[in-house]
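Below: the structure, in structure tokens.
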Amino acid sequence: MGNLIKPETAVWGKEEWLYIAKSIISGSVNKGNNVELLSKTLAEKYPNSTVFVLNSARAGLIASLLLFKKKQPDKTQVIIPEFICDSVPQAVKKCGLVPVFLPVSDDLNLNISSLYTGCNEKTLAVILPHMYGKSANIGQAEVLLKEKKIYLIDDAAQVAGVNIESKPLGGFGDVGLLSFAQAKTIVTGVRASGGVLFVNNKDLIGALTENLQMLPFTKGRLSTLCHFLMVYKWQRVWKRMDYYIQRLKQRIWDVHPDYYAQVSKISNMEAGIALAQFASLSQRISATKKNIEYYQANQQLLTSFTFPQITQDNIYLTRMILQSKRIAPNILAKLLLQQGVVSNTVYGTGSKIFDGTSLSGLLELPLQGLALVDIDKVVCALKKIEDNSYV
Ligand SMILES: *Cc1c(COP(=O)(O)O)cnc(C)c1O
């Protein structure tokens, strides 16, 4: 069998590698002027926001939640969708607040109408993500929550470069987020490799500036880059090697570092990678859109598989989510692998056996960086599995 078709966690070109080489050669992995350049670039792309470039999205999330809590100490609950990256409810709890989970719609984003009954006098804020880059109905949420005086966090961690009502995602609500971790739209590495806080509500700028302006520089980013390359980019033998390196590190130094504990500025090297990722963004989005359309065109060949996030409007996804209505996702994953297609399970329990709900039977298929012939192979593999399981 030839090469495996696998989900790409970072689509990098020559420029990204050049920034890495330059910062290593000139000894400016941690400190340097890329950070300033990146802040400027972002300020241009998000003209109505005050931009803080940090080492993670959750750092900005926590800073915002703590400020909201201080301003409205009687409110203790934060609404989040039931389908979300684990780090979000963790961050809410870390702030001494209570996450309240509301249902998602078929497109895996928060069902906005659930906010009408889901908010109460204890609701401090709503965190509204755009899962896999597919935009949620944030305009509607913004109007509703403003009326109720509830803070809105536009969690665009997974998506850059998408405008709704001619405003970039991340620019809605009181604050917005962007993450540069693996499998997002802008990828600079893993483990606190970068993130942005957009302050959109002018009343919050002063307090957040005070908290976030004088941050320390990041340290030790070369070793996390190596980890990222081995585990996420190159995989295979490298992945196994990394496993032993990490174990050895723990054995020798007995360290289990929390990479997110230290809130800092993004490193110079990772800011450089982010600049390259922004430069290639529109080109990458159009390439991915072609792939999504191709999956969409082939959907009719399949009878028990659907792509629930694909709709006619605003399609932009970082990963292709498949819903399997007849075959259990874990079995499907094995059958796909036999045909050379690697898939991943989704967040939380979404990859359990299909039970009639939106949040079941899900699997992540390769999407970004694929050639159309590879998509043919993925669809063929699905078709074959479907046909075989009828007998
Ligand atoms: C990844 C992610 C985050 C957290 O980003 P970090 O940079 O890892 O802190 C927050 N929200 C969503 C929706 C995410 O996907």
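Here, A, B, ... name the chains of the structure tokens in the order displayed, residue numbers run from 1 inside each chain, and ligands are numbered from 1 in the same displayed order.
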Exercise for the section: Please check which protein, DNA or RNA residues sit within 9 Å of ligand 1, counting only C-alpha atoms and all ligand atoms, and write them as a count of residues only. Expected result: 41
Problem - Residue contacts of Lys94 in chain A (10 Å, only C-alpha atoms) excluding same-chain residues fewer than 5 positions away, as a PyMOL selection string - result: chain A and resi 62+65-66+88-89
Output file for the residues above (N, CA, C and O atoms, as a compact mmCIF listing (two decimals), in the first residue's frame):
```txt
# COMPACT_ATOMS: atom_id res chain seq x y z
N ILE A 62 -8.89 33.40 30.13
CA ILE A 62 -8.85 33.48 31.60
C ILE A 62 -8.76 34.94 32.06
O ILE A 62 -9.48 35.35 32.96
N LEU A 65 -12.29 36.39 31.63
CA LEU A 65 -13.27 35.88 32.59
C LEU A 65 -13.03 36.46 33.98
O LEU A 65 -13.98 36.83 34.69
N LEU A 66 -11.76 36.58 34.37
CA LEU A 66 -11.46 37.12 35.69
C LEU A 66 -11.89 38.58 35.79
O LEU A 66 -12.40 39.02 36.82
N VAL A 88 -11.57 24.70 27.29
CA VAL A 88 -12.46 25.82 27.59
C VAL A 88 -13.18 25.65 28.94
O VAL A 88 -13.07 26.52 29.80
N PRO A 89 -13.91 24.51 29.15
CA PRO A 89 -14.50 24.35 30.48
C PRO A 89 -13.44 24.34 31.60
O PRO A 89 -13.70 24.82 32.70
```
Selection: 12 Å around Ile310 in chain A, only C-alpha atoms, excl. self and same-chain fewer than 5 positions, as a PDB file with C-alpha atoms, in the first residue's frame:
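Now in around.pdb:
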```pdb
ATOM      1  CA  ASP A 106     -26.566  19.854  13.431  1.00  0.00           C
ATOM      2  CA  ASP A 107     -23.621  22.001  12.306  1.00  0.00           C
ATOM      3  CA  LEU A 108     -22.003  21.310  15.729  1.00  0.00           C
ATOM      4  CA  TYR A 132     -13.686  23.639  12.851  1.00  0.00           C
ATOM      5  CA  GLY A 133     -13.953  27.097  11.344  1.00  0.00           C
ATOM      6  CA  LYS A 134     -17.645  26.858  10.468  1.00  0.00           C
ATOM      7  CA  SER A 135     -19.113  30.116  11.756  1.00  0.00           C
ATOM      8  CA  LYS A 289     -12.893  25.309   0.002  1.00  0.00           C
ATOM      9  CA  ASN A 291     -11.724  20.261  -1.236  1.00  0.00           C
ATOM     10  CA  ILE A 292     -14.922  20.828   0.750  1.00  0.00           C
ATOM     11  CA  GLU A 293     -16.879  21.330  -2.465  1.00  0.00           C
ATOM     12  CA  TYR A 294     -15.402  18.137  -3.813  1.00  0.00           C
ATOM     13  CA  TYR A 295     -16.449  16.180  -0.728  1.00  0.00           C
ATOM     14  CA  GLN A 296     -19.868  17.803  -1.036  1.00  0.00           C
ATOM     15  CA  ALA A 297     -20.207  16.805  -4.706  1.00  0.00           C
ATOM     16  CA  GLN A 299     -21.724  13.041  -0.837  1.00  0.00           C
ATOM     17  CA  ILE A 315     -18.344  26.895   4.165  1.00  0.00           C
ATOM     18  CA  TYR A 316     -14.945  26.940   5.715  1.00  0.00           C
ATOM     19  CA  LEU A 317     -13.718  24.002   7.696  1.00  0.00           C
ATOM     20  CA  THR A 318     -10.323  22.975   9.010  1.00  0.00           C
ATOM     21  CA  ARG A 319     -11.285  19.311   9.235  1.00  0.00           C
ATOM     22  CA  MET A 320     -14.012  17.291   7.489  1.00  0.00           C
ATOM     23  CA  ILE A 321     -16.459  15.865   9.986  1.00  0.00           C
ATOM     24  CA  LEU A 322     -18.248  12.713   8.933  1.00  0.00           C
ATOM     25  CA  GLN A 323     -21.355  11.364  10.575  1.00  0.00           C
TER      26      GLN A 323
END
```
Shell of 10 Å around Tyr232 in chain A, only C-alpha atoms, local chain residues under 6 positions omitted, as an mmCIF file with all heavy atoms, in the first residue's frame:
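What follows is the written file around12.cif:
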```cif
data_model
loop_
_atom_site.group_PDB
_atom_site.id
_atom_site.type_symbol
_atom_site.label_atom_id
_atom_site.label_comp_id
_atom_site.auth_asym_id
_atom_site.auth_seq_id
_atom_site.Cartn_x
_atom_site.Cartn_y
_atom_site.Cartn_z
ATOM 1 N N PRO A 7 -5.119 13.270 8.275
ATOM 2 C CA PRO A 7 -5.451 14.659 8.558
ATOM 3 C C PRO A 7 -4.181 15.483 8.779
ATOM 4 O O PRO A 7 -3.292 15.074 9.528
ATOM 5 C CB PRO A 7 -6.281 14.584 9.850
ATOM 6 C CG PRO A 7 -6.796 13.186 9.898
ATOM 7 C CD PRO A 7 -5.719 12.349 9.250
ATOM 8 N N GLU A 8 -4.081 16.596 8.112
ATOM 9 C CA GLU A 8 -2.906 17.464 8.200
ATOM 10 C C GLU A 8 -3.150 18.482 9.316
ATOM 11 O O GLU A 8 -4.151 19.195 9.291
ATOM 12 C CB GLU A 8 -2.745 18.179 6.844
ATOM 13 C CG GLU A 8 -1.528 19.037 6.692
ATOM 14 C CD GLU A 8 -0.230 18.246 6.773
ATOM 15 O OE1 GLU A 8 0.154 17.622 5.772
ATOM 16 O OE2 GLU A 8 0.388 18.288 7.847
ATOM 17 N N THR A 9 -2.223 18.506 10.301
ATOM 18 C CA THR A 9 -2.444 19.439 11.410
ATOM 19 C C THR A 9 -1.853 20.822 11.139
ATOM 20 O O THR A 9 -2.159 21.769 11.839
ATOM 21 C CB THR A 9 -1.824 18.917 12.724
ATOM 22 O OG1 THR A 9 -0.519 18.438 12.419
ATOM 23 C CG2 THR A 9 -2.647 17.818 13.329
ATOM 24 N N ALA A 10 -1.000 20.927 10.137
ATOM 25 C CA ALA A 10 -0.431 22.238 9.797
ATOM 26 C C ALA A 10 -0.020 22.228 8.327
ATOM 27 O O ALA A 10 0.748 21.369 7.914
ATOM 28 C CB ALA A 10 0.793 22.521 10.667
ATOM 29 N N GLN A 182 -2.055 23.328 17.287
ATOM 30 C CA GLN A 182 -2.206 22.351 16.208
ATOM 31 C C GLN A 182 -3.659 22.232 15.751
ATOM 32 O O GLN A 182 -4.574 22.317 16.552
ATOM 33 C CB GLN A 182 -1.670 20.982 16.639
ATOM 34 C CG GLN A 182 -2.578 20.171 17.552
ATOM 35 C CD GLN A 182 -2.531 20.630 18.992
ATOM 36 O OE1 GLN A 182 -1.943 21.639 19.320
ATOM 37 N NE2 GLN A 182 -3.171 19.878 19.868
ATOM 38 N N ALA A 183 -3.833 22.039 14.437
ATOM 39 C CA ALA A 183 -5.149 21.802 13.824
ATOM 40 C C ALA A 183 -6.094 23.005 13.857
ATOM 41 O O ALA A 183 -7.284 22.870 13.650
ATOM 42 C CB ALA A 183 -5.824 20.577 14.430
ATOM 43 N N GLY A 189 2.576 25.578 16.194
ATOM 44 C CA GLY A 189 3.155 24.521 17.016
ATOM 45 C C GLY A 189 2.124 23.959 17.971
ATOM 46 O O GLY A 189 0.939 23.927 17.657
ATOM 47 N N VAL A 190 2.609 23.516 19.130
ATOM 48 C CA VAL A 190 1.711 22.983 20.174
ATOM 49 C C VAL A 190 2.082 23.555 21.533
ATOM 50 O O VAL A 190 3.107 24.222 21.680
ATOM 51 C CB VAL A 190 1.819 21.444 20.330
ATOM 52 C CG1 VAL A 190 0.978 20.723 19.325
ATOM 53 C CG2 VAL A 190 3.249 20.984 20.328
ATOM 54 N N CYS A 226 10.226 20.886 18.472
ATOM 55 C CA CYS A 226 10.657 19.522 18.124
ATOM 56 C C CYS A 226 9.545 18.520 18.402
ATOM 57 O O CYS A 226 9.256 17.646 17.581
ATOM 58 C CB CYS A 226 11.897 19.126 18.929
ATOM 59 S SG CYS A 226 13.343 20.015 18.389
ATOM 60 N N TRP A 238 9.116 9.044 14.164
ATOM 61 C CA TRP A 238 9.417 10.217 14.988
ATOM 62 C C TRP A 238 8.513 10.278 16.211
ATOM 63 O O TRP A 238 8.928 10.647 17.291
ATOM 64 C CB TRP A 238 9.245 11.493 14.169
ATOM 65 C CG TRP A 238 10.226 11.616 13.073
ATOM 66 C CD1 TRP A 238 10.007 11.428 11.742
ATOM 67 C CD2 TRP A 238 11.616 11.963 13.201
ATOM 68 N NE1 TRP A 238 11.153 11.624 11.034
ATOM 69 C CE2 TRP A 238 12.159 11.966 11.903
ATOM 70 C CE3 TRP A 238 12.444 12.283 14.291
ATOM 71 C CZ2 TRP A 238 13.498 12.264 11.655
ATOM 72 C CZ3 TRP A 238 13.771 12.582 14.045
ATOM 73 C CH2 TRP A 238 14.278 12.554 12.737
ATOM 74 N N LYS A 239 7.262 9.892 15.983
ATOM 75 C CA LYS A 239 6.283 9.942 17.060
ATOM 76 C C LYS A 239 6.703 8.996 18.186
ATOM 77 O O LYS A 239 6.626 9.335 19.352
ATOM 78 C CB LYS A 239 4.923 9.536 16.487
ATOM 79 C CG LYS A 239 3.754 9.977 17.299
ATOM 80 C CD LYS A 239 2.478 9.828 16.493
ATOM 81 C CE LYS A 239 1.268 9.965 17.380
ATOM 82 N NZ LYS A 239 0.027 9.974 16.615
#
```
Practice task
Name the residues of range 70-133 of chain A that come out as strand (DSSP E) in a backbone DSSP run; write them as a VMD selection string.
Solution key: chain A and resid 77 to 81 98 to 102 123 to 129
Can I get the selection written as a tab-separated table (two decimals), in the first residue's frame, with all heavy atoms?
```tsv
chain	number	residue	atom	x	y	z
A	77	GLN	N	-22.00	31.90	36.50
A	77	GLN	CA	-22.10	30.86	35.47
A	77	GLN	C	-21.62	31.35	34.09
A	77	GLN	O	-21.84	32.50	33.73
A	77	GLN	CB	-23.55	30.38	35.35
A	77	GLN	CG	-24.06	29.75	36.63
A	77	GLN	CD	-25.50	29.28	36.52
A	77	GLN	OE1	-26.15	29.49	35.52
A	77	GLN	NE2	-25.97	28.63	37.57
A	78	VAL	N	-21.00	30.43	33.37
A	78	VAL	CA	-20.55	30.74	32.02
A	78	VAL	C	-21.12	29.69	31.06
A	78	VAL	O	-20.90	28.48	31.25
A	78	VAL	CB	-19.01	30.76	31.93
A	78	VAL	CG1	-18.56	31.02	30.49
A	78	VAL	CG2	-18.44	31.82	32.86
A	79	ILE	N	-21.85	30.14	30.06
A	79	ILE	CA	-22.47	29.21	29.12
A	79	ILE	C	-21.47	28.84	28.02
A	79	ILE	O	-20.79	29.71	27.45
A	79	ILE	CB	-23.73	29.84	28.50
A	79	ILE	CG1	-24.84	29.87	29.56
A	79	ILE	CG2	-24.18	29.07	27.25
A	79	ILE	CD1	-26.12	30.49	29.10
A	80	ILE	N	-21.37	27.54	27.77
A	80	ILE	CA	-20.55	27.05	26.66
A	80	ILE	C	-21.31	25.93	25.95
A	80	ILE	O	-22.16	25.29	26.56
A	80	ILE	CB	-19.15	26.54	27.12
A	80	ILE	CG1	-19.29	25.49	28.23
A	80	ILE	CG2	-18.29	27.65	27.62
A	80	ILE	CD1	-17.96	25.01	28.74
A	81	PRO	N	-21.04	25.70	24.68
A	81	PRO	CA	-21.73	24.60	24.00
A	81	PRO	C	-21.25	23.25	24.53
A	81	PRO	O	-20.13	23.13	25.03
A	81	PRO	CB	-21.36	24.77	22.54
A	81	PRO	CG	-20.26	25.76	22.48
A	81	PRO	CD	-20.16	26.46	23.79
A	98	VAL	N	-18.63	28.51	37.02
A	98	VAL	CA	-19.29	27.23	36.72
A	98	VAL	C	-19.68	27.17	35.24
A	98	VAL	O	-20.45	27.99	34.76
A	98	VAL	CB	-20.58	27.09	37.58
A	98	VAL	CG1	-21.24	25.73	37.32
A	98	VAL	CG2	-20.26	27.28	39.05
A	99	PRO	N	-19.12	26.16	34.50
A	99	PRO	CA	-19.55	26.03	33.11
A	99	PRO	C	-20.95	25.43	33.02
A	99	PRO	O	-21.26	24.47	33.70
A	99	PRO	CB	-18.51	25.08	32.51
A	99	PRO	CG	-17.89	24.37	33.66
A	99	PRO	CD	-18.10	25.20	34.89
A	100	VAL	N	-21.80	26.02	32.19
A	100	VAL	CA	-23.15	25.50	31.95
A	100	VAL	C	-23.22	25.12	30.47
A	100	VAL	O	-22.97	25.96	29.61
A	100	VAL	CB	-24.22	26.56	32.28
A	100	VAL	CG1	-25.61	26.05	31.90
A	100	VAL	CG2	-24.15	26.93	33.75
A	101	PHE	N	-23.50	23.85	30.20
A	101	PHE	CA	-23.45	23.37	28.81
A	101	PHE	C	-24.81	23.46	28.14
A	101	PHE	O	-25.80	22.98	28.68
A	101	PHE	CB	-22.96	21.91	28.79
A	101	PHE	CG	-21.54	21.76	29.27
A	101	PHE	CD1	-21.25	21.57	30.61
A	101	PHE	CD2	-20.48	21.83	28.37
A	101	PHE	CE1	-19.94	21.45	31.06
A	101	PHE	CE2	-19.17	21.70	28.80
A	101	PHE	CZ	-18.90	21.51	30.15
A	102	LEU	N	-24.86	24.07	26.95
A	102	LEU	CA	-26.10	24.13	26.17
A	102	LEU	C	-25.92	23.32	24.88
A	102	LEU	O	-24.80	23.13	24.40
A	102	LEU	CB	-26.46	25.59	25.85
A	102	LEU	CG	-26.94	26.47	27.01
A	102	LEU	CD1	-27.48	27.80	26.49
A	102	LEU	CD2	-28.01	25.78	27.86
A	123	THR	N	-26.01	34.20	34.83
A	123	THR	CA	-25.13	34.04	33.66
A	123	THR	C	-24.21	35.26	33.51
A	123	THR	O	-24.67	36.37	33.26
A	123	THR	CB	-25.96	33.86	32.38
A	123	THR	OG1	-26.93	32.85	32.59
A	123	THR	CG2	-25.06	33.49	31.21
A	124	LEU	N	-22.94	35.00	33.65
A	124	LEU	CA	-21.94	36.06	33.53
A	124	LEU	C	-21.55	36.27	32.07
A	124	LEU	O	-21.44	37.40	31.60
A	124	LEU	CB	-20.70	35.68	34.35
A	124	LEU	CG	-19.49	36.61	34.28
A	124	LEU	CD1	-19.81	37.97	34.93
A	124	LEU	CD2	-18.28	35.98	34.96
A	125	ALA	N	-21.32	35.17	31.37
A	125	ALA	CA	-20.80	35.28	30.00
A	125	ALA	C	-21.20	34.06	29.17
A	125	ALA	O	-21.54	33.01	29.72
A	125	ALA	CB	-19.27	35.40	30.04
A	126	VAL	N	-21.14	34.24	27.85
A	126	VAL	CA	-21.34	33.13	26.92
A	126	VAL	C	-20.07	33.01	26.08
A	126	VAL	O	-19.57	34.01	25.56
A	126	VAL	CB	-22.55	33.37	26.00
A	126	VAL	CG1	-22.65	32.30	24.92
A	126	VAL	CG2	-23.85	33.43	26.81
A	127	ILE	N	-19.54	31.78	25.97
A	127	ILE	CA	-18.39	31.54	25.09
A	127	ILE	C	-18.93	30.88	23.83
A	127	ILE	O	-19.52	29.80	23.89
A	127	ILE	CB	-17.35	30.63	25.78
A	127	ILE	CG1	-16.88	31.28	27.09
A	127	ILE	CG2	-16.17	30.38	24.83
A	127	ILE	CD1	-15.91	30.42	27.89
A	128	LEU	N	-18.75	31.55	22.70
A	128	LEU	CA	-19.34	31.05	21.46
A	128	LEU	C	-18.25	30.71	20.44
A	128	LEU	O	-17.70	31.59	19.78
A	128	LEU	CB	-20.29	32.11	20.89
A	128	LEU	CG	-21.13	31.68	19.69
A	128	LEU	CD1	-21.86	30.38	19.95
A	128	LEU	CD2	-22.14	32.76	19.32
A	129	PRO	N	-17.91	29.43	20.32
A	129	PRO	CA	-16.89	29.02	19.35
A	129	PRO	C	-17.47	28.75	17.96
A	129	PRO	O	-18.68	28.56	17.82
A	129	PRO	CB	-16.35	27.72	19.94
A	129	PRO	CG	-17.45	27.18	20.76
A	129	PRO	CD	-18.37	28.30	21.13
```
Completion exercise
For Gln213 in chain A, the closest of A:Ser26, A:Asn109, A:Gln90, A:Ser264 counting only C-alpha atoms is A:Ser264
Practice task
Any chance you could list, as number ranges by chain, the residues in range 70-206 of chain A that come up alpha helix (DSSP H) when DSSP is run on the backbone?
Solution key: A: 70-71, 87-94, 114-118, 138-148, 205-206
Practice task
Can you work out which one of A:Leu248, A:Leu145, A:Leu97, A:Met269 has the shortest atom-to-atom distance to Gly220 in chain A, counting only C-alpha atoms?
Solution key: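 The closest residue to Gly220 in chain A is A:Met269.
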Handout entry: Selected residue of minimal separation from Asn34 in chain A among A:Ile327, A:Val143, A:Ala274, A:Val231, counting only C-alpha atoms
Key =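 Selected residue with least distance to Asn34 in chain A: A:Ala274.
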Exercise for the section: Please provide the set of residues having any atom within 10 Å of Asn120 in chain A, restricted to only C-alpha atoms, with same-chain residues fewer than 5 positions apart removed, written as a list in words. Expected result: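 Once the nearby chain positions are removed, what remains is Lys75, Gln77, Leu115, Lys148 and Ile150 of chain A.
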Problem - Atom-to-atom span, CA of Gly96 in chain A and CA of Val53 in chain A, Å - result: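 Distance between the two atoms: 24.6 Å.
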With the cut-off set at 9 Å and counting only C-alpha atoms, tabulate each residue of range 225-285 of chain A with an atom at most that distance from an atom of range 161-167 of chain A, showing the nearest atom pair and its distance in Å to one decimal, ordered by chain and increasing number, as a tab-separated table.
```
residue	atom	partner	partner_atom	distance
A:Phe278	CA	A:Gly161	CA	8.4
A:Leu281	CA	A:Gly161	CA	7.0
A:Ser282	CA	A:Gly161	CA	7.0
A:Ile285	CA	A:Gly161	CA	8.1
```
May I have the residues from that selection written out with N, CA, C and O atoms, as a PDB file, in the first residue's frame?
```pdb
ATOM      1  N   PHE A 278      -0.341  33.695   8.141  1.00  0.00           N
ATOM      2  CA  PHE A 278      -1.295  34.724   7.712  1.00  0.00           C
ATOM      3  C   PHE A 278      -1.094  35.081   6.243  1.00  0.00           C
ATOM      4  O   PHE A 278      -2.050  35.313   5.511  1.00  0.00           O
ATOM      5  N   LEU A 281      -2.789  32.562   4.162  1.00  0.00           N
ATOM      6  CA  LEU A 281      -4.123  32.172   4.638  1.00  0.00           C
ATOM      7  C   LEU A 281      -5.190  32.141   3.544  1.00  0.00           C
ATOM      8  O   LEU A 281      -5.900  31.148   3.388  1.00  0.00           O
ATOM      9  N   SER A 282      -5.300  33.235   2.755  1.00  0.00           N
ATOM     10  CA  SER A 282      -6.414  33.270   1.798  1.00  0.00           C
ATOM     11  C   SER A 282      -6.242  32.184   0.746  1.00  0.00           C
ATOM     12  O   SER A 282      -7.198  31.541   0.313  1.00  0.00           O
ATOM     13  N   ILE A 285      -7.261  28.946   2.385  1.00  0.00           N
ATOM     14  CA  ILE A 285      -8.717  28.831   2.521  1.00  0.00           C
ATOM     15  C   ILE A 285      -9.343  28.457   1.184  1.00  0.00           C
ATOM     16  O   ILE A 285     -10.199  27.568   1.123  1.00  0.00           O
TER      17      ILE A 285
END
```
Within 7 Å of Gly176 in chain A, counting only C-alpha atoms, which residues show up once you throw out same-chain ones fewer than 4 positions away? Write them as a PDB file with N, CA, C and O atoms, in the first residue's frame, please.
```pdb
ATOM      1  N   ILE A 153     -18.046  36.150  24.480  1.00  0.00           N
ATOM      2  CA  ILE A 153     -16.685  35.869  24.028  1.00  0.00           C
ATOM      3  C   ILE A 153     -16.766  35.195  22.661  1.00  0.00           C
ATOM      4  O   ILE A 153     -17.299  34.101  22.530  1.00  0.00           O
ATOM      5  N   ASP A 154     -16.256  35.865  21.659  1.00  0.00           N
ATOM      6  CA  ASP A 154     -16.248  35.336  20.293  1.00  0.00           C
ATOM      7  C   ASP A 154     -15.033  34.408  20.171  1.00  0.00           C
ATOM      8  O   ASP A 154     -13.925  34.850  19.876  1.00  0.00           O
ATOM      9  N   ASP A 155     -15.272  33.119  20.418  1.00  0.00           N
ATOM     10  CA  ASP A 155     -14.160  32.162  20.458  1.00  0.00           C
ATOM     11  C   ASP A 155     -13.810  31.689  19.033  1.00  0.00           C
ATOM     12  O   ASP A 155     -14.270  30.652  18.571  1.00  0.00           O
ATOM     13  N   ALA A 156     -12.991  32.493  18.371  1.00  0.00           N
ATOM     14  CA  ALA A 156     -12.555  32.156  17.016  1.00  0.00           C
ATOM     15  C   ALA A 156     -11.220  31.409  17.052  1.00  0.00           C
ATOM     16  O   ALA A 156     -10.439  31.476  16.105  1.00  0.00           O
ATOM     17  N   GLY A 170     -13.953  36.778  15.664  1.00  0.00           N
ATOM     18  CA  GLY A 170     -12.990  37.204  16.685  1.00  0.00           C
ATOM     19  C   GLY A 170     -13.260  38.655  17.052  1.00  0.00           C
ATOM     20  O   GLY A 170     -12.917  39.115  18.134  1.00  0.00           O
ATOM     21  N   GLY A 171     -13.901  39.372  16.138  1.00  0.00           N
ATOM     22  CA  GLY A 171     -14.183  40.799  16.347  1.00  0.00           C
ATOM     23  C   GLY A 171     -15.568  41.073  16.907  1.00  0.00           C
ATOM     24  O   GLY A 171     -15.955  42.231  17.069  1.00  0.00           O
ATOM     25  N   PHE A 172     -16.325  40.018  17.194  1.00  0.00           N
ATOM     26  CA  PHE A 172     -17.671  40.207  17.735  1.00  0.00           C
ATOM     27  C   PHE A 172     -17.635  40.168  19.268  1.00  0.00           C
ATOM     28  O   PHE A 172     -16.641  39.765  19.865  1.00  0.00           O
ATOM     29  N   LEU A 197      -5.786  37.696  22.051  1.00  0.00           N
ATOM     30  CA  LEU A 197      -7.003  38.224  22.668  1.00  0.00           C
ATOM     31  C   LEU A 197      -7.362  39.509  21.939  1.00  0.00           C
ATOM     32  O   LEU A 197      -6.538  40.427  21.832  1.00  0.00           O
ATOM     33  N   PHE A 198      -8.572  39.564  21.399  1.00  0.00           N
ATOM     34  CA  PHE A 198      -9.085  40.780  20.781  1.00  0.00           C
ATOM     35  C   PHE A 198     -10.032  41.428  21.778  1.00  0.00           C
ATOM     36  O   PHE A 198     -11.001  40.797  22.214  1.00  0.00           O
ATOM     37  N   VAL A 199      -9.751  42.672  22.134  1.00  0.00           N
ATOM     38  CA  VAL A 199     -10.674  43.373  23.017  1.00  0.00           C
ATOM     39  C   VAL A 199     -11.542  44.273  22.144  1.00  0.00           C
ATOM     40  O   VAL A 199     -11.052  45.201  21.498  1.00  0.00           O
TER      41      VAL A 199
END
```
Exercise for the section: Name the residues in contact with Ala279 in chain A at a cut-off of 12 Å, using only C-alpha atoms, excluding same-chain residues fewer than 4 positions from it; report them as a list in words. Expected result: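 Selected residues are Trp12, Gly13, Lys14, Glu15, Glu16, Leu38, Thr41, Leu42, Lys45, Ala160, Gly161, Ile186, Gly272, Ile273, Ala274, Leu275, Gln283, Arg284 and Ile285 of chain A.
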Would you save the residues from that selection as a tab-separated table (two decimals), in the first residue's frame, using C-alpha atoms?
```tsv
chain	number	residue	atom	x	y	z
A	12	TRP	CA	3.23	24.92	6.05
A	13	GLY	CA	5.14	26.29	3.07
A	14	LYS	CA	8.74	27.39	2.62
A	15	GLU	CA	8.27	30.64	4.55
A	16	GLU	CA	7.41	28.94	7.83
A	38	LEU	CA	2.61	40.25	14.06
A	41	THR	CA	-0.48	42.79	11.01
A	42	LEU	CA	-3.29	41.74	13.32
A	45	LYS	CA	-6.78	42.77	9.93
A	160	ALA	CA	-8.95	33.17	11.10
A	161	GLY	CA	-9.71	34.86	7.82
A	186	ILE	CA	-3.08	29.41	11.95
A	272	GLY	CA	7.37	34.51	12.57
A	273	ILE	CA	5.59	31.25	11.72
A	274	ALA	CA	2.26	33.00	12.38
A	275	LEU	CA	3.24	35.80	9.96
A	283	GLN	CA	-4.72	30.86	-0.57
A	284	ARG	CA	-5.06	28.02	1.93
A	285	ILE	CA	-8.72	28.83	2.52
```
Problem - Selected residue, from A:Lys93, A:Phe354, A:Asn201, A:Glu82, that lies nearest to Ser114 in chain A when counting only C-alpha atoms - result: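 Checking each candidate against Ser114 in chain A, we get A:Glu82 as the closest.
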Practice task
Compare A:Asn200, A:Asn268, A:Asn30, A:Thr188 by their minimum atom-to-atom distance to Val51 in chain A, counting only C-alpha atoms, and give me the closest one.
Solution key: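 Result for the nearest residue to Val51 in chain A: A:Asn200.
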Completion exercise
Counting only C-alpha atoms, closest pick from A:Pro216, A:Gly361, A:Pro308, A:Gly356 relative to Asn330 in chain A is A:Gly361
Completion exercise
Computed gap from CA of Arg221 in chain A to CA of Ser267 in chain A is 7.3 Å
Exercise for the section: Measure the distance from CA of Leu37 in chain A to CA of Val175 in chain A in Å and round it to one decimal. Expected result: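 Straight-line distance from CA of Leu37 in chain A to CA of Val175 in chain A works out to 21.7 Å.
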